[in-house]
$ cat data10.cif   # mmCIF, C-alpha atoms
data_entry
#
loop_
_atom_site.label_atom_id
_atom_site.label_comp_id
_atom_site.auth_asym_id
_atom_site.auth_seq_id
_atom_site.Cartn_x
_atom_site.Cartn_y
_atom_site.Cartn_z
CA MET A 3 1.77 -0.07 24.52
CA SER A 4 -0.94 0.20 21.91
CA LEU A 5 -0.26 -0.83 18.32
CA THR A 6 -1.87 0.41 15.12
CA PHE A 7 -1.89 -2.41 12.56
CA ARG A 8 -3.18 -2.67 9.00
CA GLN A 9 -2.89 -5.47 6.42
CA LEU A 10 -3.09 -4.17 2.84
CA GLY A 11 -3.29 -6.16 -0.38
CA ASP A 12 -2.11 -5.76 -3.96
CA PRO A 13 -4.45 -7.84 -6.17
CA THR A 14 -2.07 -7.94 -9.15
CA SER A 15 0.82 -9.65 -7.36
CA SER A 16 -1.17 -11.07 -4.39
CA THR A 17 1.25 -9.24 -2.11
CA TYR A 18 0.47 -8.20 1.45
CA THR A 19 1.84 -4.94 2.82
CA TYR A 20 1.81 -4.38 6.58
CA LEU A 21 1.62 -1.05 8.42
CA LEU A 22 2.60 -1.03 12.08
CA ALA A 23 2.71 2.05 14.28
CA ASP A 24 3.20 2.91 17.92
CA SER A 25 -0.19 4.46 18.60
CA ALA A 26 1.13 6.88 21.23
CA SER A 27 3.86 8.50 19.13
CA GLY A 28 2.55 7.78 15.62
CA LYS A 29 5.94 6.40 14.57
CA ALA A 30 5.42 3.74 11.92
CA VAL A 31 7.07 1.11 9.72
CA LEU A 32 5.75 -0.40 6.50
CA ILE A 33 6.69 -3.97 5.55
CA ASP A 34 6.82 -5.06 1.87
CA PRO A 35 5.39 -1.97 0.14
CA VAL A 36 4.39 -2.32 -3.53
CA PHE A 37 5.40 0.35 -6.06
CA ASP A 38 1.97 0.48 -7.71
CA GLN A 39 0.25 0.92 -4.33
CA ALA A 40 2.48 3.68 -2.94
CA LEU A 41 -0.17 6.39 -3.40
CA ARG A 42 -2.66 4.29 -1.45
CA ASP A 43 -0.18 3.64 1.34
CA ALA A 44 0.82 7.29 1.57
CA ALA A 45 -2.85 8.29 1.77
CA LEU A 46 -3.51 5.91 4.65
CA ILE A 47 -0.43 7.10 6.53
CA ASP A 48 -1.55 10.70 6.08
CA GLU A 49 -5.16 10.02 7.11
CA LEU A 50 -4.04 8.19 10.27
CA GLY A 51 -1.61 11.01 11.10
CA LEU A 52 1.40 8.69 11.23
CA ASP A 53 5.09 9.36 10.72
CA LEU A 54 6.52 6.65 8.48
CA GLU A 55 10.09 6.20 9.65
CA LEU A 56 11.16 3.13 7.69
CA THR A 57 10.06 0.78 4.93
CA LEU A 58 11.22 -2.82 5.27
CA ASP A 59 11.41 -5.52 2.62
CA THR A 60 11.45 -9.13 3.76
CA HIS A 61 13.45 -10.07 0.65
CA LEU A 62 14.34 -9.07 -2.90
CA HIS A 63 10.97 -9.64 -4.56
CA ALA A 64 10.72 -11.22 -8.01
CA ASP A 65 7.01 -10.62 -8.66
CA HIS A 66 6.63 -6.90 -8.00
CA VAL A 67 8.69 -3.76 -7.58
CA THR A 68 9.06 -2.49 -4.03
CA GLY A 69 7.54 0.85 -3.11
CA ALA A 70 10.46 1.70 -0.82
CA TRP A 71 12.18 4.28 -3.07
CA LEU A 72 8.91 5.93 -4.10
CA LEU A 73 7.76 6.37 -0.49
CA LYS A 74 11.15 7.78 0.43
CA HIS A 75 10.87 10.16 -2.54
CA ARG A 76 7.33 11.26 -1.58
CA ILE A 77 7.27 11.33 2.22
CA GLY A 78 10.87 10.96 3.36
CA SER A 79 10.80 7.48 4.91
CA ARG A 80 14.10 5.60 5.12
CA ILE A 81 14.70 2.21 3.50
CA GLY A 82 15.71 -0.97 5.30
CA VAL A 83 16.77 -4.17 3.50
CA ALA A 84 18.78 -7.28 4.27
CA LYS A 85 22.54 -6.77 4.28
CA THR A 86 22.80 -9.92 2.17
CA SER A 87 20.22 -8.81 -0.43
CA GLY A 88 22.72 -7.07 -2.71
CA ALA A 89 20.43 -4.03 -3.00
CA GLU A 90 21.91 -0.56 -3.38
CA GLY A 91 20.49 2.71 -2.11
CA ALA A 92 19.13 1.61 1.27
CA ASP A 93 19.54 3.68 4.42
CA ARG A 94 19.86 0.70 6.73
CA TYR A 95 21.21 -2.76 6.01
CA LEU A 96 19.76 -5.31 8.40
CA ALA A 97 21.25 -8.50 9.83
CA HIS A 98 20.10 -11.25 12.16
CA GLY A 99 19.53 -9.93 15.67
CA ASP A 100 19.09 -6.29 14.69
CA ARG A 101 16.29 -4.26 16.22
CA VAL A 102 14.02 -1.88 14.33
CA ASP A 103 12.48 0.70 16.65
CA PHE A 104 9.32 2.68 15.93
CA GLY A 105 8.32 4.80 18.90
CA ALA A 106 8.07 2.60 22.00
CA ARG A 107 7.65 -0.56 19.90
CA HIS A 108 10.22 -2.56 17.95
CA LEU A 109 10.70 -5.45 15.57
CA GLU A 110 13.38 -8.11 15.98
CA VAL A 111 15.15 -9.07 12.75
CA ARG A 112 15.61 -12.79 12.14
CA ALA A 113 17.52 -14.08 9.12
CA THR A 114 15.41 -16.73 7.37
CA PRO A 115 17.15 -17.46 4.04
CA GLY A 116 16.07 -20.22 1.69
CA HIS A 117 13.48 -18.66 -0.59
CA THR A 118 16.26 -16.25 -1.55
CA GLY A 119 19.66 -15.78 -0.03
CA GLY A 120 18.63 -12.59 1.78
CA CYS A 121 15.25 -13.28 3.41
CA LEU A 122 14.28 -11.73 6.74
CA THR A 123 11.46 -12.35 9.20
CA PHE A 124 10.36 -9.46 11.42
CA VAL A 125 9.09 -10.40 14.90
CA LEU A 126 7.07 -7.96 17.01
CA ASP A 127 8.52 -7.14 20.43
CA ASP A 128 5.87 -9.06 22.43
CA LEU A 129 6.15 -12.15 20.17
CA SER A 130 2.49 -11.85 19.20
CA MET A 131 3.14 -11.35 15.46
CA ALA A 132 5.80 -12.25 12.91
CA PHE A 133 6.09 -11.21 9.28
CA THR A 134 7.59 -14.12 7.39
CA GLY A 135 7.92 -12.84 3.82
CA ASP A 136 8.03 -15.77 1.41
CA CYS A 137 9.88 -18.05 3.80
CA LEU A 138 6.74 -19.47 5.39
CA LEU A 139 3.38 -19.01 3.66
CA ILE A 140 -0.04 -20.06 4.92
CA ARG A 141 0.04 -23.86 4.48
CA GLY A 142 3.00 -23.50 2.15
CA SER A 143 6.40 -21.94 1.57
CA GLY A 144 8.19 -19.84 -0.98
CA ARG A 145 9.86 -21.44 -3.98
CA THR A 146 13.58 -22.21 -3.63
CA ASP A 147 14.73 -22.56 -7.23
CA CYS A 148 16.00 -19.02 -7.96
CA GLN A 149 17.87 -16.06 -6.41
CA ASP A 150 20.28 -18.25 -4.40
CA GLY A 151 17.40 -20.22 -2.92
CA SER A 152 17.93 -23.51 -1.11
CA SER A 153 15.34 -25.98 0.12
CA ARG A 154 17.57 -27.25 2.90
CA VAL A 155 18.36 -23.75 4.07
CA LEU A 156 14.68 -22.75 4.05
CA TYR A 157 13.68 -25.85 6.02
CA ARG A 158 16.27 -25.04 8.69
CA SER A 159 15.27 -21.36 8.76
CA VAL A 160 11.65 -22.27 9.50
CA ARG A 161 12.59 -24.77 12.17
CA ALA A 162 15.12 -22.51 13.93
CA GLN A 163 13.62 -19.05 13.57
CA ILE A 164 9.85 -19.37 13.12
CA PHE A 165 8.74 -22.62 14.75
CA THR A 166 10.64 -21.59 17.91
CA LEU A 167 8.24 -18.69 18.41
CA PRO A 168 5.31 -19.22 20.82
CA ASP A 169 2.51 -21.34 19.39
CA PRO A 170 -0.08 -18.49 19.55
CA CYS A 171 2.19 -16.13 17.58
CA LEU A 172 0.33 -14.95 14.47
CA LEU A 173 2.21 -15.30 11.19
CA TYR A 174 1.67 -12.87 8.32
CA PRO A 175 3.17 -13.84 4.94
CA ALA A 176 4.18 -11.57 2.06
CA HIS A 177 1.81 -13.40 -0.32
CA ASP A 178 -1.27 -15.52 -0.49
CA TYR A 179 -2.97 -16.58 -3.72
CA ARG A 180 -6.21 -17.90 -2.20
CA GLY A 181 -7.31 -14.92 -0.13
CA LEU A 182 -6.06 -16.31 3.20
CA THR A 183 -4.73 -13.61 5.50
CA VAL A 184 -3.09 -14.98 8.65
CA THR A 185 -2.02 -18.19 10.35
CA SER A 186 -0.19 -19.13 13.55
CA VAL A 187 2.89 -21.03 14.59
CA ALA A 188 0.74 -23.80 16.07
CA GLU A 189 -1.30 -24.18 12.88
CA GLU A 190 1.70 -24.38 10.60
CA LYS A 191 3.51 -26.86 12.85
CA ARG A 192 0.48 -29.10 12.61
CA PHE A 193 -1.05 -28.53 9.18
CA ASN A 194 1.58 -27.18 6.76
CA PRO A 195 1.80 -29.90 4.06
CA ARG A 196 5.43 -29.04 3.33
CA LEU A 197 6.85 -28.09 6.70
CA ALA A 198 4.72 -29.54 9.51
CA GLU A 199 6.69 -30.92 12.44
CA PRO A 200 6.59 -34.62 11.39
CA ILE A 201 8.06 -33.81 7.95
CA ALA A 202 11.79 -34.50 7.65
CA GLU A 203 14.27 -32.30 5.81
CA ASP A 204 14.76 -34.80 2.97
CA ASP A 205 10.99 -35.04 2.52
CA PHE A 206 10.79 -31.25 2.13
CA VAL A 207 13.71 -31.16 -0.30
CA GLY A 208 12.10 -33.88 -2.42
CA TYR A 209 8.75 -32.06 -2.39
CA MET A 210 10.31 -28.75 -3.49
CA SER A 211 12.40 -30.32 -6.26
CA HIS A 212 9.27 -31.49 -8.07
CA LEU A 213 7.13 -28.32 -7.99
CA GLY A 214 7.74 -27.57 -11.68
CA LEU A 215 7.00 -23.85 -11.32
CA ALA A 216 7.17 -21.46 -14.26
CA HIS A 217 9.66 -18.60 -14.36
CA PRO A 218 8.25 -15.63 -12.36
CA LYS A 219 6.52 -13.36 -14.91
CA GLN A 220 7.83 -10.07 -13.53
CA MET A 221 11.26 -11.30 -12.46
CA ASP A 222 13.24 -9.66 -15.28
CA VAL A 223 11.72 -6.27 -14.40
CA ALA A 224 11.26 -6.60 -10.65
CA VAL A 225 14.65 -7.94 -9.58
CA PRO A 226 16.78 -5.25 -11.30
CA ALA A 227 14.46 -2.55 -9.93
CA ASN A 228 14.53 -4.04 -6.44
CA LEU A 229 18.32 -4.13 -6.53
CA ARG A 230 17.89 -0.32 -6.67
CA CYS A 231 15.34 -0.41 -3.80
CA GLY A 232 12.60 0.32 -6.35
CA ARG A 233 14.13 3.39 -7.95
CA PRO A 234 12.64 3.77 -11.49
CA GLU A 235 14.87 3.42 -14.50
CA GLY A 236 14.12 3.07 -18.19
CA THR A 237 10.45 2.34 -18.88
CA LEU A 238 9.42 1.97 -15.23
CA GLN A 239 7.18 4.95 -14.49
CA GLU A 240 6.19 6.44 -11.18
CA PRO A 241 2.45 6.00 -10.52
CA ALA A 242 0.76 9.38 -10.33
CA LEU A 243 -2.63 10.99 -10.51
CA ARG A 244 -3.48 12.72 -13.77
CA SER A 245 -1.52 15.94 -13.57
CA TRP A 246 -3.72 18.77 -14.92
CA ALA A 247 -3.41 20.12 -11.34
CA PRO A 248 -1.84 18.93 -8.08
CA LEU A 249 -4.17 16.24 -6.71
CA THR A 250 -4.11 13.94 -3.70
CA LEU A 251 -5.63 10.50 -3.22
CA THR A 252 -7.67 9.42 -0.23
CA PHE A 253 -7.29 5.92 1.21
CA ALA A 254 -10.79 5.28 -0.17
CA GLY A 255 -9.28 5.80 -3.63
CA VAL A 256 -10.94 9.14 -4.43
CA PRO A 257 -8.78 11.81 -6.14
CA GLU A 258 -9.14 15.16 -4.39
CA ILE A 259 -8.27 18.77 -5.12
CA GLN A 260 -7.87 21.40 -2.43
CA PRO A 261 -9.96 24.59 -2.76
CA GLN A 262 -6.99 26.90 -3.31
CA VAL A 263 -5.60 24.60 -6.01
CA LEU A 264 -8.94 24.50 -7.80
CA GLU A 265 -9.24 28.30 -7.64
CA GLU A 266 -5.81 28.61 -9.26
CA ASN A 267 -6.74 26.11 -12.01
CA ILE A 268 -10.43 26.90 -12.38
CA ALA A 269 -10.18 27.70 -16.11
CA ALA A 270 -8.94 24.19 -16.87
CA ALA A 271 -11.77 22.33 -15.17
CA GLN A 272 -15.49 21.66 -15.42
CA VAL A 273 -16.92 22.20 -11.93
CA VAL A 274 -20.06 20.14 -11.31
CA ASP A 275 -22.07 21.01 -8.19
CA VAL A 276 -24.12 17.93 -7.22
CA ARG A 277 -26.23 19.52 -4.47
CA GLU A 278 -29.98 20.00 -4.71
CA PRO A 279 -31.37 23.13 -6.42
CA GLY A 280 -32.41 24.64 -3.09
CA GLU A 281 -28.78 24.59 -1.91
CA TRP A 282 -27.41 26.31 -5.02
CA ASN A 283 -28.18 29.81 -3.73
CA GLY A 284 -28.29 28.84 -0.07
CA SER A 285 -26.07 30.00 2.75
CA LEU A 286 -22.86 28.61 1.23
CA GLY A 287 -23.53 29.89 -2.28
CA HIS A 288 -21.87 28.29 -5.28
CA ILE A 289 -18.72 28.61 -7.37
CA SER A 290 -19.39 30.98 -10.23
CA ALA A 291 -17.85 28.63 -12.81
CA ALA A 292 -19.89 25.64 -11.60
CA ARG A 293 -22.90 24.01 -13.22
CA LEU A 294 -25.65 22.40 -11.17
CA ILE A 295 -26.36 18.70 -11.79
CA PRO A 296 -27.89 17.10 -8.67
CA LEU A 297 -26.37 13.78 -7.70
CA GLY A 298 -29.57 11.87 -8.46
CA GLN A 299 -29.49 13.15 -12.06
CA LEU A 300 -25.77 12.80 -12.70
CA ALA A 301 -25.74 9.42 -14.45
CA GLN A 302 -28.56 10.45 -16.79
CA ARG A 303 -27.04 13.85 -17.58
CA ALA A 304 -23.41 12.79 -17.86
CA HIS A 305 -23.61 13.26 -21.64
CA GLU A 306 -23.70 17.01 -20.99
CA LEU A 307 -20.08 16.90 -19.77
CA ASP A 308 -16.93 17.08 -21.91
CA ARG A 309 -14.90 13.89 -21.53
CA THR A 310 -11.76 15.62 -22.78
CA ARG A 311 -11.62 18.14 -19.92
CA PRO A 312 -10.99 17.52 -16.19
CA ILE A 313 -14.07 17.46 -13.95
CA VAL A 314 -14.23 18.59 -10.32
CA THR A 315 -17.31 17.61 -8.35
CA ALA A 316 -18.54 19.71 -5.42
CA CYS A 317 -21.19 19.54 -2.71
CA ARG A 318 -21.69 20.88 0.80
CA SER A 319 -19.05 18.79 2.63
CA GLY A 320 -17.39 16.61 -0.02
CA ALA A 321 -19.36 13.45 0.77
CA ARG A 322 -21.94 13.48 -2.04
CA SER A 323 -19.35 14.75 -4.50
CA ALA A 324 -17.05 11.84 -3.62
CA GLN A 325 -19.85 9.52 -4.74
CA ALA A 326 -20.18 11.64 -7.87
CA VAL A 327 -16.51 10.93 -8.65
CA VAL A 328 -17.20 7.19 -8.40
CA ILE A 329 -20.23 7.48 -10.70
CA LEU A 330 -18.31 9.42 -13.34
CA GLN A 331 -15.34 7.06 -13.18
CA ARG A 332 -17.66 4.10 -13.74
CA LEU A 333 -19.07 5.91 -16.77
CA GLY A 334 -15.56 6.15 -18.21
CA PHE A 335 -14.64 9.76 -17.49
CA PRO A 336 -10.83 9.70 -17.32
CA THR A 337 -10.01 12.74 -15.17
CA VAL A 338 -12.29 13.40 -12.20
CA ALA A 339 -11.53 14.83 -8.75
CA ASN A 340 -13.52 15.74 -5.66
CA LEU A 341 -13.43 19.22 -4.10
CA ALA A 342 -11.93 18.40 -0.69
CA GLY A 343 -14.17 19.64 2.09
CA GLY A 344 -16.80 20.85 -0.35
CA MET A 345 -18.31 24.31 -0.23
CA ILE A 346 -17.79 24.47 3.52
CA ARG A 347 -14.01 24.47 3.06
CA TRP A 348 -14.19 26.62 -0.08
CA ARG A 349 -16.13 29.27 1.82
CA ALA A 350 -13.90 28.96 4.92
CA SER A 351 -10.86 29.55 2.68
CA GLY A 352 -12.27 32.94 1.71
CA LEU A 353 -12.69 32.03 -1.95
CA PRO A 354 -15.34 33.79 -4.06
CA VAL A 355 -18.92 32.55 -4.25
CA GLU A 356 -22.15 33.62 -5.87
CA GLY A 357 -25.50 33.62 -4.08
CA GLY A 358 -24.20 32.96 -0.58
CA LYS A 359 -25.34 34.63 2.62
CA GLU A 360 -23.11 35.96 5.36
#
$ encode --input "data10.cif" --output "structure tokens"
Amino acid sequence: MSLTFRQLGDPTSSTYTYLLADSASGKAVLIDPVFDQALRDAALIDELGLDLELTLDTHLHADHVTGAWLLKHRIGSRIGVAKTSGAEGADRYLAHGDRVDFGARHLEVRATPGHTGGCLTFVLDDLSMAFTGDCLLIRGSGRTDCQDGSSRVLYRSVRAQIFTLPDPCLLYPAHDYRGLTVTSVAEEKRFNPRLAEPIAEDDFVGYMSHLGLAHPKQMDVAVPANLRCGRPEGTLQEPALRSWAPLTLTFAGVPEIQPQVLEENIAAAQVVDVREPGEWNGSLGHISAARLIPLGQLAQRAHELDRTRPIVTACRSGARSAQAVVILQRLGFPTVANLAGGMIRWRASGLPVEGGKE
């Protein structure tokens, strides 16, 4: 049973989001989504042709807002959280021993409280991977001084629910602040300075009681929002592309506009064709409203463009014009999008051109 797996990062909160899918059916789950990265996650799911069935949060996060509600709002995925989290608005409330199916694969739910009162670890069906949230980090552990945390409870959770997994089992945490990505049960049993096998419970409790950590910066915003499964309220705004026209975002981070959408909004945009002069009146023709600025000249001629109006870049297939988007964004142009599929798709859609040949 083949598995599709991706580890995604949020640099602001140092959060890891995990996408798992049954490759045969395309059924997928997403663990610990981040509100500000929901557009990225949705783009990846769309590009891979997956069906996101459920988002799962390992715990009620204090350092970022979950993307669970936003992904449900945008693509219809259901929300799964711990029954003991206190969150409202979920579709499924999970408890120890529950099973989360996605196609022919599944995750086992293990309760691992201690960092907060409602922490979960998700274990893959073949015991090859586990997603530990903030219970067990790479050579560390989550703090235990807020949200009903308990050092003794966390110590026992790790010993009973994580260190009982097979030694080769790979462990993926919800956070890492040093750029580390994965560890294993065997490594943490041996090398974790807080929780390695020789360390006694009282030693761990003493260690944790002297961390002297500051109050989480985003806690006063994140926790209330996460108690609503990430549903915005008040000043919390849904991330969106600039809305002069309906745009999408590729996983590569390039805003795109479909040919029909551009044709309907052509008067609002500056269309910049970045092909070579010989292609301008070639077999594909060009959009009548476009202006020709070859890609190699774009940076030098960017001053010819109006920064106050949206720009759509175009080329033969959409590849060169995607690079043009990056160039213009680096030059500070605020609203730039790529013509998806380029002139090939524009022409195939039956939209008008000048200079083309049948």
$ resolve_selection --input "data10.cif" --expression "the PyMOL selection byres ((chain A and resi 315) around 10)" --output "number ranges by chain"
A: 258-259, 271-277, 292-293, 295, 297, 313-314, 316-317, 320, 322-327, 330, 338-342, 344
$ write_last_selection --input "data10.cif" --atoms "C-alpha atoms" --output "mmCIF file, in the coordinates of the input"
data_model
loop_
_atom_site.group_PDB
_atom_site.id
_atom_site.type_symbol
_atom_site.label_atom_id
_atom_site.label_comp_id
_atom_site.auth_asym_id
_atom_site.auth_seq_id
_atom_site.Cartn_x
_atom_site.Cartn_y
_atom_site.Cartn_z
ATOM 1 C CA GLU A 258 -9.140 15.160 -4.390
ATOM 2 C CA ILE A 259 -8.270 18.770 -5.120
ATOM 3 C CA ALA A 271 -11.770 22.330 -15.170
ATOM 4 C CA GLN A 272 -15.490 21.660 -15.420
ATOM 5 C CA VAL A 273 -16.920 22.200 -11.930
ATOM 6 C CA VAL A 274 -20.060 20.140 -11.310
ATOM 7 C CA ASP A 275 -22.070 21.010 -8.190
ATOM 8 C CA VAL A 276 -24.120 17.930 -7.220
ATOM 9 C CA ARG A 277 -26.230 19.520 -4.470
ATOM 10 C CA ALA A 292 -19.890 25.640 -11.600
ATOM 11 C CA ARG A 293 -22.900 24.010 -13.220
ATOM 12 C CA ILE A 295 -26.360 18.700 -11.790
ATOM 13 C CA LEU A 297 -26.370 13.780 -7.700
ATOM 14 C CA ILE A 313 -14.070 17.460 -13.950
ATOM 15 C CA VAL A 314 -14.230 18.590 -10.320
ATOM 16 C CA ALA A 316 -18.540 19.710 -5.420
ATOM 17 C CA CYS A 317 -21.190 19.540 -2.710
ATOM 18 C CA GLY A 320 -17.390 16.610 -0.020
ATOM 19 C CA ARG A 322 -21.940 13.480 -2.040
ATOM 20 C CA SER A 323 -19.350 14.750 -4.500
ATOM 21 C CA ALA A 324 -17.050 11.840 -3.620
ATOM 22 C CA GLN A 325 -19.850 9.520 -4.740
ATOM 23 C CA ALA A 326 -20.180 11.640 -7.870
ATOM 24 C CA VAL A 327 -16.510 10.930 -8.650
ATOM 25 C CA LEU A 330 -18.310 9.420 -13.340
ATOM 26 C CA VAL A 338 -12.290 13.400 -12.200
ATOM 27 C CA ALA A 339 -11.530 14.830 -8.750
ATOM 28 C CA ASN A 340 -13.520 15.740 -5.660
ATOM 29 C CA LEU A 341 -13.430 19.220 -4.100
ATOM 30 C CA ALA A 342 -11.930 18.400 -0.690
ATOM 31 C CA GLY A 344 -16.800 20.850 -0.350
#
$ resolve_selection --input "data10.cif" --expression "the PyMOL selection byres ((chain A and resi 24) around 10)" --output "list in words"
Met3, Ser4, Leu5, Thr6, Phe7, Leu22, Ala23, Ser25, Ala26, Ser27, Gly28, Lys29, Ala30, Val31, Leu52, Asp53, Asp103, Phe104, Gly105, Ala106, Arg107 and His108 of chain A
$ resolve_selection --input "data10.cif" --expression "the PyMOL selection byres ((chain A and resi 75-88) around 8)" --output "MDAnalysis selection string"
chainID A and resid 44 54:62 70:74 89:90 92:97 119:122 229 231
$ write_last_selection --input "data10.cif" --atoms "C-alpha atoms" --output "PDB file, in the coordinates of the input"
ATOM      1  CA  ALA A  44       0.820   7.290   1.570  1.00  0.00           C
ATOM      2  CA  LEU A  54       6.520   6.650   8.480  1.00  0.00           C
ATOM      3  CA  GLU A  55      10.090   6.200   9.650  1.00  0.00           C
ATOM      4  CA  LEU A  56      11.160   3.130   7.690  1.00  0.00           C
ATOM      5  CA  THR A  57      10.060   0.780   4.930  1.00  0.00           C
ATOM      6  CA  LEU A  58      11.220  -2.820   5.270  1.00  0.00           C
ATOM      7  CA  ASP A  59      11.410  -5.520   2.620  1.00  0.00           C
ATOM      8  CA  THR A  60      11.450  -9.130   3.760  1.00  0.00           C
ATOM      9  CA  HIS A  61      13.450 -10.070   0.650  1.00  0.00           C
ATOM     10  CA  LEU A  62      14.340  -9.070  -2.900  1.00  0.00           C
ATOM     11  CA  ALA A  70      10.460   1.700  -0.820  1.00  0.00           C
ATOM     12  CA  TRP A  71      12.180   4.280  -3.070  1.00  0.00           C
ATOM     13  CA  LEU A  72       8.910   5.930  -4.100  1.00  0.00           C
ATOM     14  CA  LEU A  73       7.760   6.370  -0.490  1.00  0.00           C
ATOM     15  CA  LYS A  74      11.150   7.780   0.430  1.00  0.00           C
ATOM     16  CA  ALA A  89      20.430  -4.030  -3.000  1.00  0.00           C
ATOM     17  CA  GLU A  90      21.910  -0.560  -3.380  1.00  0.00           C
ATOM     18  CA  ALA A  92      19.130   1.610   1.270  1.00  0.00           C
ATOM     19  CA  ASP A  93      19.540   3.680   4.420  1.00  0.00           C
ATOM     20  CA  ARG A  94      19.860   0.700   6.730  1.00  0.00           C
ATOM     21  CA  TYR A  95      21.210  -2.760   6.010  1.00  0.00           C
ATOM     22  CA  LEU A  96      19.760  -5.310   8.400  1.00  0.00           C
ATOM     23  CA  ALA A  97      21.250  -8.500   9.830  1.00  0.00           C
ATOM     24  CA  GLY A 119      19.660 -15.780  -0.030  1.00  0.00           C
ATOM     25  CA  GLY A 120      18.630 -12.590   1.780  1.00  0.00           C
ATOM     26  CA  CYS A 121      15.250 -13.280   3.410  1.00  0.00           C
ATOM     27  CA  LEU A 122      14.280 -11.730   6.740  1.00  0.00           C
ATOM     28  CA  LEU A 229      18.320  -4.130  -6.530  1.00  0.00           C
ATOM     29  CA  CYS A 231      15.340  -0.410  -3.800  1.00  0.00           C
TER      30      CYS A 231
END
$ atom_distance --input "data10.cif" --atom1 "atom CA of Lys191 of chain A" --atom2 "atom CA of Phe165 of chain A"
7.0 Å
$ residues_around --input "data10.cif" --residues "Arg349 of chain A" --least-positions-apart "4" --cutoff "12 Å" --atoms "only C-alpha atoms" --output "PDB file with C-alpha atoms, in the coordinates of the input"
ATOM      1  CA  PRO A 261      -9.960  24.590  -2.760  1.00  0.00           C
ATOM      2  CA  GLN A 262      -6.990  26.900  -3.310  1.00  0.00           C
ATOM      3  CA  GLU A 265      -9.240  28.300  -7.640  1.00  0.00           C
ATOM      4  CA  SER A 285     -26.070  30.000   2.750  1.00  0.00           C
ATOM      5  CA  LEU A 286     -22.860  28.610   1.230  1.00  0.00           C
ATOM      6  CA  GLY A 287     -23.530  29.890  -2.280  1.00  0.00           C
ATOM      7  CA  HIS A 288     -21.870  28.290  -5.280  1.00  0.00           C
ATOM      8  CA  ILE A 289     -18.720  28.610  -7.370  1.00  0.00           C
ATOM      9  CA  CYS A 317     -21.190  19.540  -2.710  1.00  0.00           C
ATOM     10  CA  ARG A 318     -21.690  20.880   0.800  1.00  0.00           C
ATOM     11  CA  SER A 319     -19.050  18.790   2.630  1.00  0.00           C
ATOM     12  CA  LEU A 341     -13.430  19.220  -4.100  1.00  0.00           C
ATOM     13  CA  ALA A 342     -11.930  18.400  -0.690  1.00  0.00           C
ATOM     14  CA  GLY A 343     -14.170  19.640   2.090  1.00  0.00           C
ATOM     15  CA  GLY A 344     -16.800  20.850  -0.350  1.00  0.00           C
ATOM     16  CA  MET A 345     -18.310  24.310  -0.230  1.00  0.00           C
ATOM     17  CA  LEU A 353     -12.690  32.030  -1.950  1.00  0.00           C
ATOM     18  CA  PRO A 354     -15.340  33.790  -4.060  1.00  0.00           C
ATOM     19  CA  VAL A 355     -18.920  32.550  -4.250  1.00  0.00           C
ATOM     20  CA  GLU A 356     -22.150  33.620  -5.870  1.00  0.00           C
ATOM     21  CA  GLY A 357     -25.500  33.620  -4.080  1.00  0.00           C
ATOM     22  CA  GLY A 358     -24.200  32.960  -0.580  1.00  0.00           C
ATOM     23  CA  LYS A 359     -25.340  34.630   2.620  1.00  0.00           C
ATOM     24  CA  GLU A 360     -23.110  35.960   5.360  1.00  0.00           C
TER      25      GLU A 360
END
$ closest_residue --input "data10.cif" --among "A:Val223, A:Val36, A:Ile140, A:Leu50" --to "Tyr179 of chain A" --atoms "only C-alpha atoms"
A:Ile140
$ atom_distance --input "data10.cif" --atom1 "atom CA of Leu333 of chain A" --atom2 "atom CA of Leu249 of chain A"
20.7 Å
$ atom_distance --input "data10.cif" --atom1 "atom CA of Ala270 of chain A" --atom2 "atom CA of Ala321 of chain A"
23.1 Å
$ closest_residue --input "data10.cif" --among "A:Thr310, A:Gln39, A:Gln299, A:Gln163" --to "Leu251 of chain A" --atoms "all atoms listed in the file"
A:Gln39
$ residues_near_point --input "data10.cif" --point "(14.6, -5.5, 13.9)" --cutoff "6 Å" --atoms "only C-alpha atoms" --output "ChimeraX atom specification"
/A:100-102,109-111
$ residues_around --input "data10.cif" --residues "Glu189 of chain A" --least-positions-apart "6" --cutoff "12 Å" --atoms "all atoms listed in the file" --output "list of chain:residue names"
A:Leu138, A:Leu139, A:Ile140, A:Arg141, A:Gly142, A:Phe165, A:Pro168, A:Asp169, A:Pro170, A:Cys171, A:Leu172, A:Leu173, A:Pro195, A:Leu197, A:Ala198, A:Glu199
$ closest_residue --input "data10.cif" --among "A:Arg196, A:Arg154, A:Arg8, A:Arg161" --to "Leu32 of chain A" --atoms "only C-alpha atoms"
A:Arg8
$ closest_residue --input "data10.cif" --among "A:Arg112, A:Ala188, A:Arg145, A:Asp43" --to "Ala254 of chain A" --atoms "all atoms listed in the file"
A:Asp43
$ residues_around --input "data10.cif" --residues "Pro248 of chain A" --least-positions-apart "2" --cutoff "8 Å" --atoms "only C-alpha atoms" --output "PyMOL selection string"
chain A and resi 245-246+250+259+263
$ residues_around --input "data10.cif" --residues "Pro336 of chain A" --least-positions-apart "4" --cutoff "9 Å" --atoms "all atoms listed in the file" --output "JSON, numbers by chain"
{"A": [244, 309, 310, 311, 312, 330, 331]}
